[in-house]
>>> print(open('structure.pdb').read())   # PDB, C-alpha atoms and all ligand atoms
ATOM      1  CA  MET A 258       1.028   6.987  20.412  1.00  0.00           C
ATOM      2  CA  GLY A 259      -2.587   8.167  20.388  1.00  0.00           C
ATOM      3  CA  ARG A 260      -3.645  11.586  19.244  1.00  0.00           C
ATOM      4  CA  ARG A 261      -5.012  14.076  21.745  1.00  0.00           C
ATOM      5  CA  ALA A 262      -8.619  15.261  21.343  1.00  0.00           C
ATOM      6  CA  LEU A 263      -8.895  18.587  19.565  1.00  0.00           C
ATOM      7  CA  PRO A 264      -9.925  21.641  21.593  1.00  0.00           C
ATOM      8  CA  LYS A 265     -13.458  22.982  21.090  1.00  0.00           C
ATOM      9  CA  LEU A 266     -13.831  25.573  18.350  1.00  0.00           C
ATOM     10  CA  ASP A 267     -15.234  28.974  19.316  1.00  0.00           C
ATOM     11  CA  PRO A 268     -18.462  29.317  17.270  1.00  0.00           C
ATOM     12  CA  GLU A 269     -17.903  33.096  17.076  1.00  0.00           C
ATOM     13  CA  ILE A 270     -14.911  32.554  14.799  1.00  0.00           C
ATOM     14  CA  ASP A 271     -15.908  32.319  11.160  1.00  0.00           C
ATOM     15  CA  PHE A 272     -13.325  30.249   9.304  1.00  0.00           C
ATOM     16  CA  SER A 273     -15.360  29.749   6.117  1.00  0.00           C
ATOM     17  CA  ARG A 274     -12.933  31.909   4.107  1.00  0.00           C
ATOM     18  CA  HIS A 275     -10.027  29.769   5.286  1.00  0.00           C
ATOM     19  CA  ILE A 276     -11.286  26.404   4.050  1.00  0.00           C
ATOM     20  CA  SER A 277     -12.332  24.936   0.697  1.00  0.00           C
ATOM     21  CA  GLU A 278     -12.948  21.446  -0.633  1.00  0.00           C
ATOM     22  CA  VAL A 279     -10.619  20.015  -3.274  1.00  0.00           C
ATOM     23  CA  ASP A 280     -13.667  18.392  -4.878  1.00  0.00           C
ATOM     24  CA  ASP A 281     -15.386  21.777  -5.277  1.00  0.00           C
ATOM     25  CA  LEU A 282     -12.522  23.269  -7.305  1.00  0.00           C
ATOM     26  CA  ARG A 283     -12.412  23.027 -11.088  1.00  0.00           C
ATOM     27  CA  ALA A 284      -9.561  23.136 -13.604  1.00  0.00           C
ATOM     28  CA  PRO A 285      -8.199  25.424 -14.903  1.00  0.00           C
ATOM     29  CA  PHE A 286      -7.488  26.470 -11.354  1.00  0.00           C
ATOM     30  CA  CYS A 287      -5.438  29.464 -10.269  1.00  0.00           C
ATOM     31  CA  PRO A 288      -4.158  28.918  -6.713  1.00  0.00           C
ATOM     32  CA  GLN A 289      -3.570  32.640  -6.291  1.00  0.00           C
ATOM     33  CA  SER A 290      -7.356  33.126  -6.578  1.00  0.00           C
ATOM     34  CA  LEU A 291      -7.555  31.836  -2.982  1.00  0.00           C
ATOM     35  CA  PHE A 292      -5.717  34.928  -1.680  1.00  0.00           C
ATOM     36  CA  PRO A 293      -6.280  38.678  -1.667  1.00  0.00           C
ATOM     37  CA  GLN A 294      -2.764  39.201  -3.079  1.00  0.00           C
ATOM     38  CA  SER A 295      -0.612  37.136  -5.449  1.00  0.00           C
ATOM     39  CA  SER A 296       2.793  36.141  -4.137  1.00  0.00           C
ATOM     40  CA  ASP A 297       5.177  33.224  -3.853  1.00  0.00           C
ATOM     41  CA  LEU A 298       3.206  30.106  -2.972  1.00  0.00           C
ATOM     42  CA  GLU A 299       4.125  27.265  -0.612  1.00  0.00           C
ATOM     43  CA  ILE A 300       2.001  24.108  -0.341  1.00  0.00           C
ATOM     44  CA  GLU A 301       1.894  21.472   2.380  1.00  0.00           C
ATOM     45  CA  ILE A 302       0.277  18.051   1.934  1.00  0.00           C
ATOM     46  CA  GLY A 303      -0.993  16.308   5.069  1.00  0.00           C
ATOM     47  CA  SER A 304      -1.018  19.351   7.354  1.00  0.00           C
ATOM     48  CA  GLY A 305      -2.671  17.576  10.287  1.00  0.00           C
ATOM     49  CA  LYS A 306      -3.593  20.230  12.851  1.00  0.00           C
ATOM     50  CA  GLY A 307      -1.896  22.889  10.747  1.00  0.00           C
ATOM     51  CA  LEU A 308       0.924  24.065  12.994  1.00  0.00           C
ATOM     52  CA  PHE A 309       3.412  24.440  10.146  1.00  0.00           C
ATOM     53  CA  VAL A 310       1.117  26.541   7.950  1.00  0.00           C
ATOM     54  CA  LEU A 311       0.020  28.657  10.909  1.00  0.00           C
ATOM     55  CA  ASN A 312       3.587  29.433  12.014  1.00  0.00           C
ATOM     56  CA  GLU A 313       5.124  29.889   8.574  1.00  0.00           C
ATOM     57  CA  SER A 314       2.333  32.164   7.336  1.00  0.00           C
ATOM     58  CA  GLY A 315       2.927  34.322  10.406  1.00  0.00           C
ATOM     59  CA  LYS A 316       6.686  34.432   9.847  1.00  0.00           C
ATOM     60  CA  HIS A 317       6.356  35.157   6.122  1.00  0.00           C
ATOM     61  CA  PRO A 318       3.399  37.453   5.493  1.00  0.00           C
ATOM     62  CA  GLU A 319       4.912  38.185   2.061  1.00  0.00           C
ATOM     63  CA  ARG A 320       4.224  34.583   0.923  1.00  0.00           C
ATOM     64  CA  ASN A 321       1.007  32.619   0.407  1.00  0.00           C
ATOM     65  CA  TYR A 322       0.383  29.171   1.925  1.00  0.00           C
ATOM     66  CA  ILE A 323      -1.982  26.340   1.098  1.00  0.00           C
ATOM     67  CA  GLY A 324      -2.304  23.578   3.671  1.00  0.00           C
ATOM     68  CA  ASN A 325      -3.951  20.402   2.453  1.00  0.00           C
ATOM     69  CA  GLU A 326      -5.452  17.778   4.733  1.00  0.00           C
ATOM     70  CA  ILE A 327      -7.708  14.832   3.975  1.00  0.00           C
ATOM     71  CA  ALA A 328      -9.206  14.411   7.465  1.00  0.00           C
ATOM     72  CA  HIS A 329     -12.199  16.735   7.973  1.00  0.00           C
ATOM     73  CA  LYS A 330     -11.683  17.384  11.670  1.00  0.00           C
ATOM     74  CA  TYR A 331      -7.992  18.256  11.380  1.00  0.00           C
ATOM     75  CA  CYS A 332      -8.557  20.397   8.336  1.00  0.00           C
ATOM     76  CA  LYS A 333     -11.346  22.334  10.063  1.00  0.00           C
ATOM     77  CA  PHE A 334      -9.207  22.813  13.141  1.00  0.00           C
ATOM     78  CA  ALA A 335      -6.270  24.072  11.047  1.00  0.00           C
ATOM     79  CA  ALA A 336      -8.554  26.499   9.145  1.00  0.00           C
ATOM     80  CA  TYR A 337     -10.027  27.697  12.443  1.00  0.00           C
ATOM     81  CA  ARG A 338      -6.545  28.467  13.769  1.00  0.00           C
ATOM     82  CA  LEU A 339      -5.702  30.441  10.636  1.00  0.00           C
ATOM     83  CA  ALA A 340      -8.933  32.451  10.962  1.00  0.00           C
ATOM     84  CA  LYS A 341      -8.379  33.048  14.664  1.00  0.00           C
ATOM     85  CA  SER A 342      -4.904  34.403  13.905  1.00  0.00           C
ATOM     86  CA  GLU A 343      -6.361  36.518  11.080  1.00  0.00           C
ATOM     87  CA  ARG A 344      -4.068  35.121   8.419  1.00  0.00           C
ATOM     88  CA  ASN A 345      -4.971  36.415   4.975  1.00  0.00           C
ATOM     89  CA  ASN A 346      -2.035  34.621   3.337  1.00  0.00           C
ATOM     90  CA  ALA A 347      -2.953  31.052   4.308  1.00  0.00           C
ATOM     91  CA  VAL A 348      -5.873  28.712   3.624  1.00  0.00           C
ATOM     92  CA  MET A 349      -6.697  25.032   4.058  1.00  0.00           C
ATOM     93  CA  LEU A 350      -7.936  22.704   1.345  1.00  0.00           C
ATOM     94  CA  ARG A 351      -9.820  19.617   2.501  1.00  0.00           C
ATOM     95  CA  GLY A 352      -9.376  16.546   0.350  1.00  0.00           C
ATOM     96  CA  ASP A 353      -6.897  14.233  -1.286  1.00  0.00           C
ATOM     97  CA  GLY A 354      -3.579  15.981  -1.844  1.00  0.00           C
ATOM     98  CA  LEU A 355      -2.640  13.637  -4.675  1.00  0.00           C
ATOM     99  CA  LYS A 356      -5.797  14.593  -6.546  1.00  0.00           C
ATOM    100  CA  PHE A 357      -5.158  18.280  -5.836  1.00  0.00           C
ATOM    101  CA  PHE A 358      -1.709  18.018  -7.431  1.00  0.00           C
ATOM    102  CA  ARG A 359      -2.771  15.768 -10.300  1.00  0.00           C
ATOM    103  CA  GLU A 360      -5.966  17.515 -11.400  1.00  0.00           C
ATOM    104  CA  LEU A 361      -5.799  21.107 -10.230  1.00  0.00           C
ATOM    105  CA  LEU A 362      -2.385  22.634  -9.704  1.00  0.00           C
ATOM    106  CA  PRO A 363      -0.927  24.352 -12.764  1.00  0.00           C
ATOM    107  CA  ASP A 364       2.707  24.025 -13.880  1.00  0.00           C
ATOM    108  CA  GLN A 365       5.333  26.008 -12.001  1.00  0.00           C
ATOM    109  CA  CYS A 366       3.016  27.570  -9.431  1.00  0.00           C
ATOM    110  CA  ALA A 367       4.866  26.829  -6.146  1.00  0.00           C
ATOM    111  CA  VAL A 368       8.228  27.878  -4.735  1.00  0.00           C
ATOM    112  CA  ALA A 369       8.097  25.099  -2.132  1.00  0.00           C
ATOM    113  CA  VAL A 370       6.204  21.903  -1.380  1.00  0.00           C
ATOM    114  CA  HIS A 371       6.274  20.393   2.112  1.00  0.00           C
ATOM    115  CA  VAL A 372       5.500  16.851   3.266  1.00  0.00           C
ATOM    116  CA  TYR A 373       6.082  16.245   6.976  1.00  0.00           C
ATOM    117  CA  PHE A 374       5.610  12.863   8.639  1.00  0.00           C
ATOM    118  CA  PRO A 375       3.329  11.353   5.995  1.00  0.00           C
ATOM    119  CA  ASP A 376       1.413   8.250   7.055  1.00  0.00           C
ATOM    120  CA  PRO A 377       3.756   5.287   6.421  1.00  0.00           C
ATOM    121  CA  TRP A 378       1.042   2.748   5.525  1.00  0.00           C
ATOM    122  CA  TRP A 379       3.077  -0.167   6.786  1.00  0.00           C
ATOM    123  CA  LYS A 380       1.096  -2.997   5.198  1.00  0.00           C
ATOM    124  CA  GLU A 381       2.202  -3.898   1.684  1.00  0.00           C
ATOM    125  CA  ARG A 382      -1.368  -3.825   0.348  1.00  0.00           C
ATOM    126  CA  HIS A 383      -1.839  -0.256   1.648  1.00  0.00           C
ATOM    127  CA  ARG A 384       1.420   1.126   0.207  1.00  0.00           C
ATOM    128  CA  ARG A 385      -0.318   2.657  -2.785  1.00  0.00           C
ATOM    129  CA  ARG A 386      -1.898   5.136  -0.343  1.00  0.00           C
ATOM    130  CA  ARG A 387       1.492   6.673   0.404  1.00  0.00           C
ATOM    131  CA  VAL A 388       1.914  10.262  -0.691  1.00  0.00           C
ATOM    132  CA  ILE A 389       5.325   9.588  -2.234  1.00  0.00           C
ATOM    133  CA  GLN A 390       4.626   7.594  -5.391  1.00  0.00           C
ATOM    134  CA  PRO A 391       5.660   7.994  -9.039  1.00  0.00           C
ATOM    135  CA  GLY A 392       2.550   9.928 -10.138  1.00  0.00           C
ATOM    136  CA  PHE A 393       2.926  12.416  -7.314  1.00  0.00           C
ATOM    137  CA  ILE A 394       6.650  12.828  -7.998  1.00  0.00           C
ATOM    138  CA  ALA A 395       5.887  13.782 -11.612  1.00  0.00           C
ATOM    139  CA  ASP A 396       3.308  16.334 -10.402  1.00  0.00           C
ATOM    140  CA  LEU A 397       5.668  17.669  -7.761  1.00  0.00           C
ATOM    141  CA  GLU A 398       8.345  18.351 -10.359  1.00  0.00           C
ATOM    142  CA  ARG A 399       5.814  19.952 -12.692  1.00  0.00           C
ATOM    143  CA  VAL A 400       4.293  22.189  -9.996  1.00  0.00           C
ATOM    144  CA  LEU A 401       7.583  23.544  -8.601  1.00  0.00           C
ATOM    145  CA  VAL A 402       9.094  26.646 -10.206  1.00  0.00           C
ATOM    146  CA  PRO A 403      12.722  26.335 -11.365  1.00  0.00           C
ATOM    147  CA  GLY A 404      14.782  26.595  -8.177  1.00  0.00           C
ATOM    148  CA  GLY A 405      11.764  25.452  -6.103  1.00  0.00           C
ATOM    149  CA  VAL A 406      12.325  23.160  -3.138  1.00  0.00           C
ATOM    150  CA  PHE A 407      10.654  19.990  -1.884  1.00  0.00           C
ATOM    151  CA  HIS A 408      10.947  19.414   1.893  1.00  0.00           C
ATOM    152  CA  PHE A 409      10.434  15.880   3.161  1.00  0.00           C
ATOM    153  CA  TRP A 410      10.688  14.779   6.809  1.00  0.00           C
ATOM    154  CA  THR A 411       9.791  11.473   8.400  1.00  0.00           C
ATOM    155  CA  ASP A 412      10.574   9.366  11.426  1.00  0.00           C
ATOM    156  CA  VAL A 413      10.474   6.186   9.294  1.00  0.00           C
ATOM    157  CA  GLU A 414      13.967   5.471   7.987  1.00  0.00           C
ATOM    158  CA  GLN A 415      12.776   2.987   5.366  1.00  0.00           C
ATOM    159  CA  TYR A 416      10.237   5.479   3.963  1.00  0.00           C
ATOM    160  CA  PHE A 417      12.971   8.103   3.921  1.00  0.00           C
ATOM    161  CA  GLU A 418      15.385   5.913   1.953  1.00  0.00           C
ATOM    162  CA  GLU A 419      12.688   4.799  -0.457  1.00  0.00           C
ATOM    163  CA  THR A 420      11.719   8.443  -1.038  1.00  0.00           C
ATOM    164  CA  ILE A 421      15.295   9.365  -1.909  1.00  0.00           C
ATOM    165  CA  GLU A 422      15.492   6.395  -4.304  1.00  0.00           C
ATOM    166  CA  LYS A 423      12.122   7.139  -5.907  1.00  0.00           C
ATOM    167  CA  LEU A 424      12.920  10.806  -6.449  1.00  0.00           C
ATOM    168  CA  ALA A 425      16.218   9.834  -8.094  1.00  0.00           C
ATOM    169  CA  GLU A 426      14.436   7.302 -10.297  1.00  0.00           C
ATOM    170  CA  HIS A 427      11.377   9.334 -11.294  1.00  0.00           C
ATOM    171  CA  SER A 428      12.543  12.961 -11.316  1.00  0.00           C
ATOM    172  CA  ASP A 429      15.377  15.347 -12.106  1.00  0.00           C
ATOM    173  CA  LEU A 430      15.081  17.025  -8.718  1.00  0.00           C
ATOM    174  CA  SER A 431      18.506  17.399  -7.138  1.00  0.00           C
ATOM    175  CA  PRO A 432      19.753  14.685  -4.849  1.00  0.00           C
ATOM    176  CA  PRO A 433      18.971  15.723  -1.289  1.00  0.00           C
ATOM    177  CA  ILE A 434      20.854  18.894  -0.496  1.00  0.00           C
ATOM    178  CA  HIS A 435      20.340  18.382   3.194  1.00  0.00           C
ATOM    179  CA  VAL A 436      19.932  15.037   4.933  1.00  0.00           C
ATOM    180  CA  GLU A 437      20.094  14.424   8.630  1.00  0.00           C
ATOM    181  CA  ALA A 438      18.751  12.215  11.363  1.00  0.00           C
ATOM    182  CA  THR A 439      19.804  14.376  14.229  1.00  0.00           C
ATOM    183  CA  PRO A 440      17.950  16.046  17.060  1.00  0.00           C
ATOM    184  CA  ALA A 441      17.159  19.694  16.367  1.00  0.00           C
ATOM    185  CA  GLU A 442      18.922  22.504  18.171  1.00  0.00           C
ATOM    186  CA  HIS A 443      16.487  23.336  20.936  1.00  0.00           C
ATOM    187  CA  ASP A 444      13.134  22.309  22.368  1.00  0.00           C
ATOM    188  CA  MET A 445      10.855  24.943  20.909  1.00  0.00           C
ATOM    189  CA  ASP A 446      11.850  24.958  17.243  1.00  0.00           C
ATOM    190  CA  TYR A 447       9.693  22.018  16.154  1.00  0.00           C
ATOM    191  CA  ARG A 448       7.967  22.530  12.841  1.00  0.00           C
ATOM    192  CA  THR A 449       4.939  20.251  13.219  1.00  0.00           C
ATOM    193  CA  HIS A 450       3.000  18.397  15.897  1.00  0.00           C
ATOM    194  CA  PHE A 451       4.530  15.120  14.824  1.00  0.00           C
ATOM    195  CA  GLU A 452       8.025  16.510  15.040  1.00  0.00           C
ATOM    196  CA  ARG A 453       7.327  17.628  18.614  1.00  0.00           C
ATOM    197  CA  ARG A 454       6.022  14.160  19.418  1.00  0.00           C
ATOM    198  CA  MET A 455       9.013  12.360  17.879  1.00  0.00           C
ATOM    199  CA  ARG A 456      11.408  14.509  19.846  1.00  0.00           C
ATOM    200  CA  LYS A 457       9.480  13.913  23.053  1.00  0.00           C
ATOM    201  CA  TYR A 458       9.918  10.169  22.566  1.00  0.00           C
ATOM    202  CA  ASP A 459      13.523  10.623  21.402  1.00  0.00           C
ATOM    203  CA  HIS A 460      12.921   9.227  17.915  1.00  0.00           C
ATOM    204  CA  ASP A 461      15.173  10.161  15.012  1.00  0.00           C
ATOM    205  CA  VAL A 462      13.804  12.551  12.448  1.00  0.00           C
ATOM    206  CA  PHE A 463      15.049  12.130   8.863  1.00  0.00           C
ATOM    207  CA  ARG A 464      14.993  15.355   6.858  1.00  0.00           C
ATOM    208  CA  ALA A 465      15.747  16.075   3.225  1.00  0.00           C
ATOM    209  CA  GLN A 466      15.370  18.928   0.770  1.00  0.00           C
ATOM    210  CA  PHE A 467      15.326  18.428  -2.997  1.00  0.00           C
ATOM    211  CA  LYS A 468      15.700  21.268  -5.472  1.00  0.00           C
ATOM    212  CA  LYS A 469      14.430  21.738  -9.000  1.00  0.00           C
ATOM    213  CA  SER A 470      17.231  23.037 -11.218  1.00  0.00           C
ATOM    214  CA  LEU A 471      17.110  26.589 -12.542  1.00  0.00           C
TER     215      LEU A 471
HETATM  216  C1  LIG B   1       1.138  11.491  10.470  1.00  0.00           C
HETATM  217  S1  LIG B   1       0.158  12.871  10.144  1.00  0.00           S
HETATM  218  C2  LIG B   1       1.333  14.242  10.102  1.00  0.00           C
HETATM  219  C3  LIG B   1       0.653  15.571  10.249  1.00  0.00           C
HETATM  220  C4  LIG B   1       1.583  16.781  10.195  1.00  0.00           C
HETATM  221  N1  LIG B   1       2.243  16.868   8.899  1.00  0.00           N
HETATM  222  C5  LIG B   1       2.604  16.740  11.304  1.00  0.00           C
HETATM  223  O1  LIG B   1       3.804  16.550  11.004  1.00  0.00           O
HETATM  224  O2  LIG B   1       2.215  16.933  12.469  1.00  0.00           O
HETATM  225  C6  LIG B   1      -0.182  12.671   8.385  1.00  0.00           C
HETATM  226  C7  LIG B   1      -1.364  13.503   7.918  1.00  0.00           C
HETATM  227  O3  LIG B   1      -1.506  13.353   6.509  1.00  0.00           O
HETATM  228  C8  LIG B   1      -2.902  13.293   6.217  1.00  0.00           C
HETATM  229  N2  LIG B   1      -3.041  12.643   4.887  1.00  0.00           N
HETATM  230  C9  LIG B   1      -2.847  11.340   4.597  1.00  0.00           C
HETATM  231  N3  LIG B   1      -3.039  11.104   3.297  1.00  0.00           N
HETATM  232  C10 LIG B   1      -3.364  12.310   2.725  1.00  0.00           C
HETATM  233  C11 LIG B   1      -3.683  12.722   1.416  1.00  0.00           C
HETATM  234  N4  LIG B   1      -3.716  11.849   0.381  1.00  0.00           N
HETATM  235  N5  LIG B   1      -3.960  14.033   1.198  1.00  0.00           N
HETATM  236  C12 LIG B   1      -3.953  14.916   2.228  1.00  0.00           C
HETATM  237  N6  LIG B   1      -3.659  14.583   3.495  1.00  0.00           N
HETATM  238  C13 LIG B   1      -3.359  13.297   3.757  1.00  0.00           C
HETATM  239  C14 LIG B   1      -3.484  12.516   7.376  1.00  0.00           C
HETATM  240  O4  LIG B   1      -4.872  12.702   7.531  1.00  0.00           O
HETATM  241  C15 LIG B   1      -2.673  13.061   8.550  1.00  0.00           C
HETATM  242  O5  LIG B   1      -3.292  14.189   9.149  1.00  0.00           O
END
>>> encode(input="structure.pdb", output="structure tokens", more="lines below")
Ligand SMILES: C[S@@+](CC[C@H](N)C(=O)[O-])C[C@H]1O[C@@H](n2cnc3c(N)ncnc32)[C@H](O)[C@@H]1O
Amino acid sequence: MGRRALPKLDPEIDFSRHISEVDDLRAPFCPQSLFPQSSDLEIEIGSGKGLFVLNESGKHPERNYIGNEIAHKYCKFAAYRLAKSERNNAVMLRGDGLKFFRELLPDQCAVAVHVYFPDPWWKERHRRRRVIQPGFIADLERVLVPGGVFHFWTDVEQYFEETIEKLAEHSDLSPPIHVEATPAEHDMDYRTHFERRMRKYDHDVFRAQFKKSL
């Protein structure tokens, strides 16, 4: 399944306030400094074209959103969409999400962390590039506030099962409070581009939420 070319960006739209580089940020870092107003923060790693952050920041103007994406062109496109929709509660960070969590995010700063359809890195020798790995799990648990939620969706059943096992082994996050591999309720409620694509090709989507205890 190839990816479609991205639409051209309108040069009149200035998205410079909606994008920063992970490598330009320094610890101690306050994520709320990216927004005009402090409020509950949600973070997505691997945002792709940014549909989730764009939609959620529109639905919840009372919350702040950071989308993180390693690929320059997708990150720019996602930031452009946020600027075009005049979101002041959502920004994109370009760079490695694992580094962002490990080196920059302070303890207990996020009410939710989202990972949707992470690259599966099928080959054994590439597995260490997966987002879900012990170091990230430790950071995830540290970064979530008590009661905070981790959302994980994938179309790869093996990755899904390994994620559930790894979270049980390396964290005290609750066992998944919601697990399903079922089609969603209707055609237009997809959360990300990859979810839309999986549904189009009738692939299962495995979804789980994990909660940090209060
Ligand atoms: C399969 S795509 C899914 C995109 C989007 N979440 C969706 O569901 O449509 C995975 C995305 O994660 C990004 N990615 C992979 N490793 C990353 C990392 N270490 N940090 C940030 N983004 C990463 C890739 O560039 C890619 O855009």
>>> atom_distance(input="structure.pdb", atom1="CA of Phe393 in chain A", atom2="atom C2 of ligand LIG 1 (chain B)")
17.6 Å
>>> residues_near_ligand(input="structure.pdb", ligand="ligand LIG 1 (chain B)", cutoff="6 Å", atoms="all atoms listed in the file", output="PyMOL selection string")
chain A and resi 302-305+325-328+352-355+373-376+388+449-452
>>> resolve_selection(input="structure.pdb", expression="the PyMOL selection byres (((chain A and resi 282-294) around 7) and not hetatm)", output="ChimeraX atom specification")
/A:278-281,295-296,345-346,361-362
>>> closest_residue(input="structure.pdb", among="A:Arg448, A:Lys468, A:His383, A:Arg274", to="Glu313 in chain A", atoms="only C-alpha atoms")
A:Arg448
>>> atom_distance(input="structure.pdb", atom1="CA of Ser470 in chain A", atom2="CA of Pro391 in chain A")
19.1 Å
>>> atom_distance(input="structure.pdb", atom1="CA of Pro432 in chain A", atom2="CA of Leu350 in chain A")
29.5 Å
>>> resolve_selection(input="structure.pdb", expression="the PyMOL selection byres (((chain A and resi 460) around 10) and not hetatm)", output="list in words")
Asp412, Val413, Ala438, Thr439, Pro440, Glu452, Arg454, Met455, Arg456, Lys457, Tyr458, Asp459, Asp461, Val462 and Phe463 of chain A
>>> residues_around(input="structure.pdb", residues="Arg344 in chain A", least_positions_apart="2", cutoff="12 Å", atoms="only C-alpha atoms", output="mmCIF file with C-alpha atoms, in the coordinates of the input")
data_model
loop_
_atom_site.group_PDB
_atom_site.id
_atom_site.type_symbol
_atom_site.label_atom_id
_atom_site.label_comp_id
_atom_site.auth_asym_id
_atom_site.auth_seq_id
_atom_site.Cartn_x
_atom_site.Cartn_y
_atom_site.Cartn_z
ATOM 1 C CA PHE A 272 -13.325 30.249 9.304
ATOM 2 C CA ARG A 274 -12.933 31.909 4.107
ATOM 3 C CA HIS A 275 -10.027 29.769 5.286
ATOM 4 C CA PHE A 292 -5.717 34.928 -1.680
ATOM 5 C CA PRO A 293 -6.280 38.678 -1.667
ATOM 6 C CA VAL A 310 1.117 26.541 7.950
ATOM 7 C CA LEU A 311 0.020 28.657 10.909
ATOM 8 C CA ASN A 312 3.587 29.433 12.014
ATOM 9 C CA GLU A 313 5.124 29.889 8.574
ATOM 10 C CA SER A 314 2.333 32.164 7.336
ATOM 11 C CA GLY A 315 2.927 34.322 10.406
ATOM 12 C CA LYS A 316 6.686 34.432 9.847
ATOM 13 C CA HIS A 317 6.356 35.157 6.122
ATOM 14 C CA PRO A 318 3.399 37.453 5.493
ATOM 15 C CA GLU A 319 4.912 38.185 2.061
ATOM 16 C CA ARG A 320 4.224 34.583 0.923
ATOM 17 C CA ASN A 321 1.007 32.619 0.407
ATOM 18 C CA TYR A 322 0.383 29.171 1.925
ATOM 19 C CA ILE A 323 -1.982 26.340 1.098
ATOM 20 C CA ALA A 335 -6.270 24.072 11.047
ATOM 21 C CA ALA A 336 -8.554 26.499 9.145
ATOM 22 C CA TYR A 337 -10.027 27.697 12.443
ATOM 23 C CA ARG A 338 -6.545 28.467 13.769
ATOM 24 C CA LEU A 339 -5.702 30.441 10.636
ATOM 25 C CA ALA A 340 -8.933 32.451 10.962
ATOM 26 C CA LYS A 341 -8.379 33.048 14.664
ATOM 27 C CA SER A 342 -4.904 34.403 13.905
ATOM 28 C CA ASN A 346 -2.035 34.621 3.337
ATOM 29 C CA ALA A 347 -2.953 31.052 4.308
ATOM 30 C CA VAL A 348 -5.873 28.712 3.624
ATOM 31 C CA MET A 349 -6.697 25.032 4.058
#
>>> resolve_selection(input="structure.pdb", expression="the PyMOL selection byres (((chain A and resi 263) around 12) and not hetatm)", output="ChimeraX atom specification")
/A:260-262,264-266,305-306,330-335,337-338
>>> closest_residue(input="structure.pdb", among="A:Leu397, A:Ala367, A:Leu424, A:Ile276", to="Gly324 in chain A", atoms="all atoms listed in the file")
A:Ile276
>>> axis_aligned_box(input="structure.pdb", around="range 269-287 of chain A", padding_each_side="3 Å", output="lines of an AutoDock Vina configuration file")
center_x = -11.7
center_y = 25.7
center_z = 1.1
size_x = 18.5
size_y = 20.7
size_z = 38.0
>>> residues_near_point(input="structure.pdb", point="(13.5, 20.4, 0.0)", cutoff="8 Å", atoms="only C-alpha atoms", output="ChimeraX atom specification")
/A:369-371,406-409,433-435,465-468
>>> closest_residue(input="structure.pdb", among="A:Pro268, A:Phe357, A:Phe309, A:Cys366", to="Gly405 in chain A", atoms="all atoms listed in the file")
A:Cys366
>>> closest_residue(input="structure.pdb", among="A:Gln415, A:Phe358, A:Ala425, A:Arg351", to="Trp378 in chain A", atoms="only C-alpha atoms")
A:Gln415
